[in-house]
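Asker: File my_file_29.cif follows (mmCIF, C-alpha atoms):
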```cif
data_my_file
#
loop_
_atom_site.label_atom_id
_atom_site.label_comp_id
_atom_site.auth_asym_id
_atom_site.auth_seq_id
_atom_site.Cartn_x
_atom_site.Cartn_y
_atom_site.Cartn_z
CA MET O 29 17.44 9.70 -6.15
CA THR O 30 20.10 12.30 -6.83
CA ILE O 31 20.73 14.55 -9.82
CA THR O 32 24.15 15.94 -10.72
CA SER O 33 25.25 17.61 -13.91
CA ALA O 34 28.22 18.73 -15.99
CA TYR O 35 28.22 21.41 -18.67
CA ASP O 36 30.81 21.73 -21.41
CA ARG O 37 30.61 23.76 -24.64
CA GLY O 38 26.88 23.59 -25.19
CA ARG O 39 26.39 20.08 -23.86
CA LEU O 40 24.65 19.45 -20.56
CA THR O 41 25.06 15.96 -19.11
CA VAL O 42 22.55 15.08 -16.42
CA TYR O 43 23.47 12.15 -14.19
CA LEU O 44 20.55 10.41 -12.48
CA SER O 45 21.36 7.95 -9.72
CA GLY O 46 19.43 5.85 -7.23
CA GLU O 47 15.82 4.78 -7.85
CA LEU O 48 13.53 6.67 -10.21
CA ASP O 49 9.89 5.91 -9.42
CA HIS O 50 6.74 7.99 -8.96
CA HIS O 51 7.99 9.10 -5.53
CA ALA O 52 11.11 10.61 -7.14
CA ALA O 53 9.67 11.66 -10.51
CA GLY O 54 8.43 15.10 -9.52
CA GLU O 55 11.80 16.07 -8.11
CA ALA O 56 13.51 14.74 -11.24
CA ILE O 57 11.21 16.63 -13.62
CA HIS O 58 11.73 19.90 -11.80
CA GLY O 59 15.46 19.34 -11.22
CA ILE O 60 16.16 18.65 -14.88
CA GLY O 61 13.88 21.51 -15.92
CA GLU O 62 15.82 23.95 -13.76
CA LEU O 63 19.14 22.76 -15.24
CA LEU O 64 17.84 23.16 -18.80
CA ASP O 65 16.53 26.64 -18.02
CA GLU O 66 19.87 27.63 -16.44
CA PHE O 67 22.21 26.36 -19.19
CA LEU O 68 19.93 26.44 -22.29
CA PRO O 69 22.10 23.71 -23.81
CA ARG O 70 22.41 22.72 -27.47
CA ASP O 71 22.68 19.05 -26.47
CA CYS O 72 21.38 17.24 -23.40
CA VAL O 73 22.63 13.83 -22.34
CA LEU O 74 20.65 11.85 -19.76
CA ASP O 75 23.25 9.53 -18.23
CA LEU O 76 21.32 6.73 -16.52
CA SER O 77 24.30 4.57 -15.54
CA GLY O 78 23.72 5.35 -11.84
CA LEU O 79 20.04 4.36 -11.84
CA SER O 80 19.55 1.07 -9.99
CA PHE O 81 15.80 1.02 -10.69
CA MET O 82 13.33 2.82 -12.92
CA ASP O 83 9.63 2.27 -13.63
CA SER O 84 7.32 4.01 -16.10
CA SER O 85 7.53 7.22 -14.06
CA GLY O 86 11.01 7.57 -15.60
CA ILE O 87 9.41 7.58 -19.06
CA ALA O 88 7.44 10.66 -18.02
CA VAL O 89 10.66 12.31 -16.81
CA ILE O 90 12.39 11.61 -20.14
CA ALA O 91 9.38 12.80 -22.15
CA ARG O 92 9.31 16.10 -20.25
CA ALA O 93 13.04 16.65 -20.83
CA ARG O 94 12.60 15.88 -24.54
CA TYR O 95 9.71 18.34 -24.77
CA ARG O 96 11.84 21.08 -23.18
CA MET O 97 14.81 20.35 -25.48
CA GLN O 98 12.50 20.52 -28.49
CA SER O 99 11.45 24.00 -27.40
CA LEU O 100 15.16 24.92 -27.30
CA SER O 101 15.66 23.36 -30.77
CA GLY O 102 18.27 21.14 -29.17
CA ARG O 103 19.05 17.43 -29.15
CA ILE O 104 18.65 14.92 -26.34
CA TRP O 105 19.69 11.33 -25.90
CA ILE O 106 20.02 8.67 -23.22
CA GLU O 107 23.27 6.97 -22.30
CA CYS O 108 24.23 3.86 -20.32
CA PRO O 109 20.93 2.45 -19.00
CA SER O 110 21.25 -0.66 -16.81
CA PRO O 111 19.56 -3.85 -18.10
CA GLN O 112 16.49 -3.26 -15.87
CA VAL O 113 16.15 0.33 -17.05
CA GLN O 114 16.69 -0.76 -20.67
CA ARG O 115 13.79 -3.23 -20.40
CA VAL O 116 11.47 -0.42 -19.27
CA LEU O 117 12.73 1.83 -22.08
CA ASP O 118 12.13 -0.99 -24.59
CA ALA O 119 8.61 -1.71 -23.29
CA ALA O 120 7.76 1.96 -23.77
CA CYS O 121 9.46 2.08 -27.22
CA ILE O 122 11.26 5.20 -26.00
CA ASP O 123 13.81 5.00 -28.83
CA ARG O 124 11.06 6.29 -31.15
CA LEU O 125 11.29 9.57 -29.22
CA VAL O 126 14.80 9.69 -27.78
CA PRO O 127 17.92 7.83 -29.02
CA VAL O 128 19.43 5.39 -26.53
CA THR O 129 23.12 4.42 -26.52
CA SER O 130 24.65 1.72 -24.38
CA GLY O 131 27.87 3.63 -23.77
CA ASN O 132 29.30 7.14 -23.71
CA ILE O 133 29.58 7.96 -27.40
CA GLY O 134 30.54 11.58 -26.92
CA GLY O 135 27.71 12.95 -28.97
CA LEU O 136 25.36 12.00 -31.78
CA ARG O 137 26.47 12.40 -35.35
CA MET C 29 -3.15 -24.39 -8.14
CA ASN C 30 -2.38 -25.03 -4.48
CA THR C 31 -0.64 -22.40 -2.38
CA VAL C 32 2.89 -23.26 -1.28
CA ASN C 33 3.59 -20.05 0.65
CA ILE C 34 1.71 -16.82 1.25
CA ILE C 35 2.27 -13.42 2.82
CA ARG C 36 -0.02 -10.44 3.23
CA LEU C 37 0.98 -6.82 3.68
CA GLU C 38 -1.01 -3.65 4.12
CA PHE C 39 0.38 -0.13 3.98
CA PRO C 40 -0.82 3.44 3.51
CA SER C 41 -0.91 4.92 0.00
CA LYS C 42 2.16 7.11 0.50
CA SER C 43 4.54 7.29 -2.45
CA VAL C 44 7.50 6.54 -0.18
CA ASN C 45 6.01 3.04 0.22
CA GLU C 46 6.45 2.22 -3.50
CA SER C 47 10.05 1.25 -2.77
CA PHE C 48 9.02 -0.78 0.29
CA ALA C 49 6.41 -2.73 -1.70
CA ARG C 50 8.68 -3.75 -4.57
CA THR C 51 11.55 -4.63 -2.22
CA ALA C 52 9.23 -6.78 -0.08
CA ALA C 53 7.93 -8.58 -3.17
CA ALA C 54 11.49 -9.20 -4.39
CA ALA C 55 12.53 -10.53 -0.98
CA PHE C 56 9.59 -12.97 -0.99
CA ALA C 57 10.32 -14.06 -4.58
CA ILE C 58 13.94 -14.93 -3.74
CA GLN C 59 12.86 -18.41 -2.57
CA LEU C 60 12.06 -19.23 -6.23
CA ASP C 61 15.68 -18.42 -7.14
CA PRO C 62 14.87 -15.90 -9.89
CA THR C 63 17.50 -14.42 -12.19
CA VAL C 64 18.45 -10.78 -11.78
CA GLU C 65 16.35 -9.98 -14.85
CA GLU C 66 13.30 -11.81 -13.46
CA LEU C 67 13.70 -10.01 -10.15
CA GLY C 68 13.88 -6.68 -11.98
CA ASP C 69 10.69 -7.52 -13.89
CA LEU C 70 8.81 -8.42 -10.68
CA LYS C 71 9.93 -5.23 -8.93
CA THR C 72 8.92 -3.12 -11.92
CA ALA C 73 5.45 -4.70 -12.18
CA VAL C 74 4.82 -4.26 -8.44
CA SER C 75 5.98 -0.65 -8.61
CA GLU C 76 3.51 0.03 -11.43
CA ALA C 77 0.57 -1.61 -9.65
CA VAL C 78 1.24 0.12 -6.33
CA THR C 79 1.82 3.49 -7.99
CA ASN C 80 -1.49 3.17 -9.84
CA ALA C 81 -3.24 2.62 -6.50
CA ILE C 82 -1.49 5.60 -4.91
CA VAL C 83 -2.13 7.97 -7.82
CA HIS C 84 -5.55 6.87 -9.05
CA ALA C 85 -7.36 5.10 -6.20
CA TYR C 86 -6.72 7.79 -3.61
CA PRO C 87 -6.03 11.00 -5.58
CA ASP C 88 -6.87 13.37 -2.73
CA SER C 89 -6.42 11.26 0.37
CA ILE C 90 -4.36 8.53 2.00
CA GLY C 91 -5.99 5.11 1.95
CA GLN C 92 -4.88 1.53 2.48
CA ILE C 93 -3.23 -0.72 -0.09
CA GLY C 94 -3.14 -4.48 0.36
CA MET C 95 -0.54 -6.69 -1.25
CA LYS C 96 -0.80 -10.48 -1.21
CA LEU C 97 2.13 -12.56 -2.43
CA ARG C 98 1.55 -16.25 -3.12
CA ILE C 99 3.85 -18.95 -4.35
CA LEU C 100 1.79 -21.51 -6.18
CA GLU C 101 2.62 -24.96 -7.45
CA ARG C 102 4.86 -25.16 -10.50
CA ASP C 103 7.09 -22.25 -9.41
CA THR C 104 4.49 -19.58 -10.05
CA LEU C 105 4.45 -16.31 -8.15
CA GLU C 106 1.11 -14.54 -7.85
CA ILE C 107 1.03 -10.88 -6.82
CA THR C 108 -2.25 -9.24 -5.85
CA VAL C 109 -2.43 -5.49 -5.26
CA ARG C 110 -5.72 -4.24 -3.90
CA ASP C 111 -7.13 -0.87 -2.92
CA TRP C 112 -10.45 0.34 -1.58
CA GLY C 113 -10.37 3.63 -3.48
CA CYS C 114 -12.41 5.25 -6.23
CA GLY C 115 -12.20 2.40 -8.74
CA ILE C 116 -11.89 2.45 -12.53
CA GLU C 117 -14.91 3.35 -14.69
CA ASN C 118 -13.54 1.86 -17.91
CA ILE C 119 -10.82 -0.77 -17.44
CA GLU C 120 -10.34 -1.32 -21.18
CA GLU C 121 -9.61 2.37 -21.73
CA ALA C 122 -7.37 2.58 -18.64
CA MET C 123 -5.23 -0.26 -19.98
CA LYS C 124 -4.53 1.41 -23.32
CA PRO C 125 -0.90 2.51 -23.75
CA LEU C 126 -0.31 6.23 -23.03
CA TYR C 127 -3.74 6.64 -21.39
CA THR C 128 -3.38 8.46 -18.09
CA THR C 129 -5.25 10.78 -15.80
CA GLY C 130 -2.28 10.99 -13.44
CA GLY C 131 -0.64 14.28 -14.45
CA GLU C 132 2.89 15.06 -15.62
CA GLU C 133 4.58 12.43 -13.44
CA ARG C 134 2.77 9.53 -15.14
CA SER C 135 3.36 8.22 -18.64
CA GLY C 136 0.29 6.03 -19.15
CA MET C 137 2.55 2.98 -19.59
CA GLY C 138 1.88 1.28 -16.23
CA PHE C 139 -0.50 -1.47 -17.39
CA THR C 140 1.51 -1.98 -20.58
CA ILE C 141 4.63 -2.66 -18.52
CA MET C 142 2.75 -4.97 -16.13
CA GLN C 143 1.49 -6.95 -19.15
CA SER C 144 4.94 -7.04 -20.75
CA PHE C 145 6.81 -8.13 -17.63
CA MET C 146 4.37 -10.70 -16.21
CA ASP C 147 2.86 -13.86 -17.71
CA SER C 148 -0.70 -12.80 -16.92
CA LEU C 149 -2.56 -9.74 -15.65
CA ARG C 150 -6.15 -9.54 -14.43
CA VAL C 151 -7.88 -6.34 -13.31
CA ARG C 152 -11.19 -6.14 -11.44
CA SER C 153 -12.70 -2.85 -10.39
CA SER C 154 -15.92 -1.35 -9.08
CA PRO C 155 -16.35 2.43 -9.12
CA GLY C 156 -16.47 3.66 -5.55
CA LYS C 157 -15.33 0.33 -4.12
CA GLY C 158 -11.81 -0.24 -5.33
CA THR C 159 -9.56 -2.15 -7.69
CA THR C 160 -7.77 -5.49 -7.56
CA VAL C 161 -4.83 -6.31 -9.83
CA VAL C 162 -3.66 -9.93 -10.00
CA MET C 163 -0.42 -10.77 -11.81
CA ARG C 164 1.33 -14.10 -12.25
CA ARG C 165 4.83 -15.01 -13.36
CA THR C 166 6.40 -18.45 -13.50
CA ILE C 167 10.04 -18.54 -12.43
CA ARG C 168 11.65 -21.41 -14.31
CA PRO C 169 14.14 -23.44 -12.25
CA ARG C 170 17.67 -22.76 -13.38
CA ILE C 171 19.75 -25.60 -14.80
CA THR C 172 23.05 -25.73 -12.95
CA GLY C 173 26.29 -27.04 -14.35
CA LYS C 174 26.64 -29.76 -11.70
#
```
Just give me the structure as structure tokens.

Answerer:
Amino acid sequence: MTITSAYDRGRLTVYLSGELDHHAAGEAIHGIGELLDEFLPRDCVLDLSGLSFMDSSGIAVIARARYRMQSLSGRIWIECPSPQVQRVLDAACIDRLVPVTSGNIGGLR
Amino acid sequence: MNTVNIIRLEFPSKSVNESFARTAAAAFAIQLDPTVEELGDLKTAVSEAVTNAIVHAYPDSIGQIGMKLRILERDTLEITVRDWGCGIENIEEAMKPLYTTGGEERSGMGFTIMQSFMDSLRVRSSPGKGTTVVMRRTIRPRITGK
């Protein structure tokens, strides 16, 4: 799994690609945590369009990122999950914690 | 139900083998001609079962994990994931959503996802002896336009 990011005017977009399972989850948690600590963003977008597979370990990664954004009084949402990833998000009812959008909406209203 | 085809695998409880296990299960399931969505469900359920064994059965050591894949009559795939680790004291509690003893990298949703993505799930465990998870999913034949 790889993590890349882009920062623009208070918004950090984190791109996750590859397979996010328990083997990759620790690296993802710490990688995203370091990015949030570096940029202290107002908004954080988790772009999952590059994820070819995710299991419930990804839910833990998202929950940790949400917790950190809450401590920054910022917002976080998920963009572009694949159908397989969306099914895992749905099974975990993640949209009760973090909004999920199917496309790049350029920010929540 | 009679067995149509069967394969057995055994591998060490290293997290790098999670990917191997779900890919092997998907490759075996291909003969039932699953849809992409069904294949994704099978891979996800296997990943959850194998990860549970890696994280919970052998928390401080590397042990063996067995995976048996069976195609049964009526297009049913049976997946058995077995370990010989520490076992589960209270299966009912372990299967509750959000229950986990696995640290920050686990969400406690593993059994919930296995139940959601498979037709049936059975868990047997003996403390100190190990755990066996048996899951079944029927892959309905696709109707072609011919």

Asker: Counting all atoms listed in the file, which residues of chain O come no farther than 9 Å from chain C, as a list in words?

Answerer: Glu47, Asp49, His50, His51, Ala52, Ala53, Gly54, Ile57, Phe81, Met82, Asp83, Ser84, Ser85, Gly86, Ile87, Ala88, Val89, Ala91, Arg92, Pro111, Gln112, Val113, Arg115, Val116, Ala119 and Ala120 of chain O

Asker: Can you write out the residues you just picked, keeping C-alpha atoms, as a PDB file, in the frame of the given file?

Answerer:
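New file out.pdb:
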```
ATOM      1  CA  GLU O  47      15.820   4.780  -7.850  1.00  0.00           C
ATOM      2  CA  ASP O  49       9.890   5.910  -9.420  1.00  0.00           C
ATOM      3  CA  HIS O  50       6.740   7.990  -8.960  1.00  0.00           C
ATOM      4  CA  HIS O  51       7.990   9.100  -5.530  1.00  0.00           C
ATOM      5  CA  ALA O  52      11.110  10.610  -7.140  1.00  0.00           C
ATOM      6  CA  ALA O  53       9.670  11.660 -10.510  1.00  0.00           C
ATOM      7  CA  GLY O  54       8.430  15.100  -9.520  1.00  0.00           C
ATOM      8  CA  ILE O  57      11.210  16.630 -13.620  1.00  0.00           C
ATOM      9  CA  PHE O  81      15.800   1.020 -10.690  1.00  0.00           C
ATOM     10  CA  MET O  82      13.330   2.820 -12.920  1.00  0.00           C
ATOM     11  CA  ASP O  83       9.630   2.270 -13.630  1.00  0.00           C
ATOM     12  CA  SER O  84       7.320   4.010 -16.100  1.00  0.00           C
ATOM     13  CA  SER O  85       7.530   7.220 -14.060  1.00  0.00           C
ATOM     14  CA  GLY O  86      11.010   7.570 -15.600  1.00  0.00           C
ATOM     15  CA  ILE O  87       9.410   7.580 -19.060  1.00  0.00           C
ATOM     16  CA  ALA O  88       7.440  10.660 -18.020  1.00  0.00           C
ATOM     17  CA  VAL O  89      10.660  12.310 -16.810  1.00  0.00           C
ATOM     18  CA  ALA O  91       9.380  12.800 -22.150  1.00  0.00           C
ATOM     19  CA  ARG O  92       9.310  16.100 -20.250  1.00  0.00           C
ATOM     20  CA  PRO O 111      19.560  -3.850 -18.100  1.00  0.00           C
ATOM     21  CA  GLN O 112      16.490  -3.260 -15.870  1.00  0.00           C
ATOM     22  CA  VAL O 113      16.150   0.330 -17.050  1.00  0.00           C
ATOM     23  CA  ARG O 115      13.790  -3.230 -20.400  1.00  0.00           C
ATOM     24  CA  VAL O 116      11.470  -0.420 -19.270  1.00  0.00           C
ATOM     25  CA  ALA O 119       8.610  -1.710 -23.290  1.00  0.00           C
ATOM     26  CA  ALA O 120       7.760   1.960 -23.770  1.00  0.00           C
TER      27      ALA O 120
END
```

Asker: Which residues match the PyMOL selection byres ((chain O and resi 62-67) around 12) in the file above, as a PyMOL selection string?

Answerer: chain O and resi 31-43+55-61+68-74+92-100+102-104

Asker: Please determine, counting all atoms listed in the file, which residue among O:Val126, O:Leu76, O:Cys121, O:Ile90 has the shortest atom-to-atom distance to Pro109 in chain O.

Answerer: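 Result for the nearest residue to Pro109 in chain O: O:Leu76.
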
Asker: Taking the file as I've supplied it (selection: the PyMOL selection byres ((chain C and resi 29) around 9)), which residues are included? Please answer as a PyMOL selection string.

Answerer: chain C and resi 30-31+100-102

Asker: Keeping only C-alpha atoms, write the selected residues as a PDB file, in the frame of the given file.

Answerer:
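Result file is result-v4.pdb:
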```pdb
ATOM      1  CA  ASN C  30      -2.380 -25.030  -4.480  1.00  0.00           C
ATOM      2  CA  THR C  31      -0.640 -22.400  -2.380  1.00  0.00           C
ATOM      3  CA  LEU C 100       1.790 -21.510  -6.180  1.00  0.00           C
ATOM      4  CA  GLU C 101       2.620 -24.960  -7.450  1.00  0.00           C
ATOM      5  CA  ARG C 102       4.860 -25.160 -10.500  1.00  0.00           C
TER       6      ARG C 102
END
```

Asker: Expand the PyMOL selection byres ((chain C and resi 154-171) around 6) into the individual residues it matches in the shown file, reporting them as a ChimeraX atom specification.

Answerer: /C:103-117,146-153,172

Asker: What is the CA of Ser89 in chain C-CA of Ala122 in chain C distance in Å, reported with one decimal?

Answerer: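 Between CA of Ser89 in chain C and CA of Ala122 in chain C the gap works out to 20.9 Å.
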
Asker: Of the residues C:His84, C:Gly91, C:Ala52, C:Glu121, which is the one nearest to Arg36 in chain C, using all atoms listed in the file?

Answerer: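 For Arg36 in chain C, the nearest of the given residues is C:Ala52.
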
Asker: For the atom pair CA of Phe39 in chain C and CA of Met95 in chain C, what is the interatomic distance in Å to one decimal place?

Answerer: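 These two atoms are separated by 8.4 Å.
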
Asker: Could you work out how far CA of Gly131 in chain O lies from CA of Trp105 in chain O, giving the answer in Å with one decimal?

Answerer: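 Going from CA of Trp105 in chain O over to CA of Gly131 in chain O covers 11.4 Å.
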
Asker: Starting from the block above, write range 58-126 of chain O out to a file with C-alpha atoms, as a CSV table (one decimal), in the first residue's frame, please.

Answerer:
```
chain,number,residue,atom,x,y,z
O,58,HIS,CA,1.2,6.2,11.3
O,59,GLY,CA,1.6,7.7,7.8
O,60,ILE,CA,-1.7,9.6,8.0
O,61,GLY,CA,-1.0,10.6,11.5
O,62,GLU,CA,2.3,12.1,10.5
O,63,LEU,CA,0.7,14.0,7.6
O,64,LEU,CA,-2.0,15.4,9.9
O,65,ASP,CA,0.6,16.5,12.5
O,66,GLU,CA,2.7,18.2,9.8
O,67,PHE,CA,-0.1,20.1,8.0
O,68,LEU,CA,-2.7,20.5,10.8
O,69,PRO,CA,-5.4,20.8,8.2
O,70,ARG,CA,-8.8,22.3,8.5
O,71,ASP,CA,-10.2,19.6,6.2
O,72,CYS,CA,-8.9,16.1,5.5
O,73,VAL,CA,-10.1,14.1,2.5
O,74,LEU,CA,-9.3,10.4,2.4
O,75,ASP,CA,-9.3,9.6,-1.3
O,76,LEU,CA,-9.8,5.8,-1.6
O,77,SER,CA,-10.0,5.6,-5.4
O,78,GLY,CA,-6.7,3.8,-5.6
O,79,LEU,CA,-7.5,1.1,-3.1
O,80,SER,CA,-8.1,-2.3,-4.9
O,81,PHE,CA,-8.9,-4.0,-1.6
O,82,MET,CA,-9.8,-3.1,2.0
O,83,ASP,CA,-11.0,-5.2,5.0
O,84,SER,CA,-12.1,-4.1,8.4
O,85,SER,CA,-8.5,-3.0,9.2
O,86,GLY,CA,-9.3,0.0,7.0
O,87,ILE,CA,-12.2,0.9,9.3
O,88,ALA,CA,-9.6,1.2,12.1
O,89,VAL,CA,-7.4,3.5,10.0
O,90,ILE,CA,-10.4,5.7,9.1
O,91,ALA,CA,-11.5,5.9,12.8
O,92,ARG,CA,-8.0,6.9,13.9
O,93,ALA,CA,-7.9,9.7,11.3
O,94,ARG,CA,-11.3,10.9,12.4
O,95,TYR,CA,-10.3,10.9,16.0
O,96,ARG,CA,-7.2,13.0,15.1
O,97,MET,CA,-9.2,15.5,13.0
O,98,GLN,CA,-11.7,15.9,15.9
O,99,SER,CA,-8.8,16.9,18.1
O,100,LEU,CA,-7.9,19.5,15.5
O,101,SER,CA,-11.6,20.7,15.3
O,102,GLY,CA,-11.5,19.9,11.6
O,103,ARG,CA,-13.6,18.0,9.2
O,104,ILE,CA,-12.9,14.7,7.4
O,105,TRP,CA,-14.6,12.7,4.7
O,106,ILE,CA,-14.0,9.8,2.3
O,107,GLU,CA,-14.1,10.1,-1.4
O,108,CYS,CA,-14.3,7.6,-4.3
O,109,PRO,CA,-14.3,4.2,-2.7
O,110,SER,CA,-14.4,1.2,-5.1
O,111,PRO,CA,-17.5,-1.1,-4.9
O,112,GLN,CA,-15.6,-3.6,-2.7
O,113,VAL,CA,-14.4,-0.9,-0.4
O,114,GLN,CA,-17.9,0.6,-0.3
O,115,ARG,CA,-19.4,-2.7,0.8
O,116,VAL,CA,-17.0,-2.9,3.8
O,117,LEU,CA,-17.8,0.8,4.6
O,118,ASP,CA,-21.5,0.0,4.5
O,119,ALA,CA,-21.2,-3.2,6.6
O,120,ALA,CA,-19.4,-1.1,9.3
O,121,CYS,CA,-22.0,1.8,9.0
O,122,ILE,CA,-19.0,4.1,8.6
O,123,ASP,CA,-21.2,6.9,7.3
O,124,ARG,CA,-22.5,7.4,10.8
O,125,LEU,CA,-18.9,8.6,11.7
O,126,VAL,CA,-17.5,9.9,8.5
```
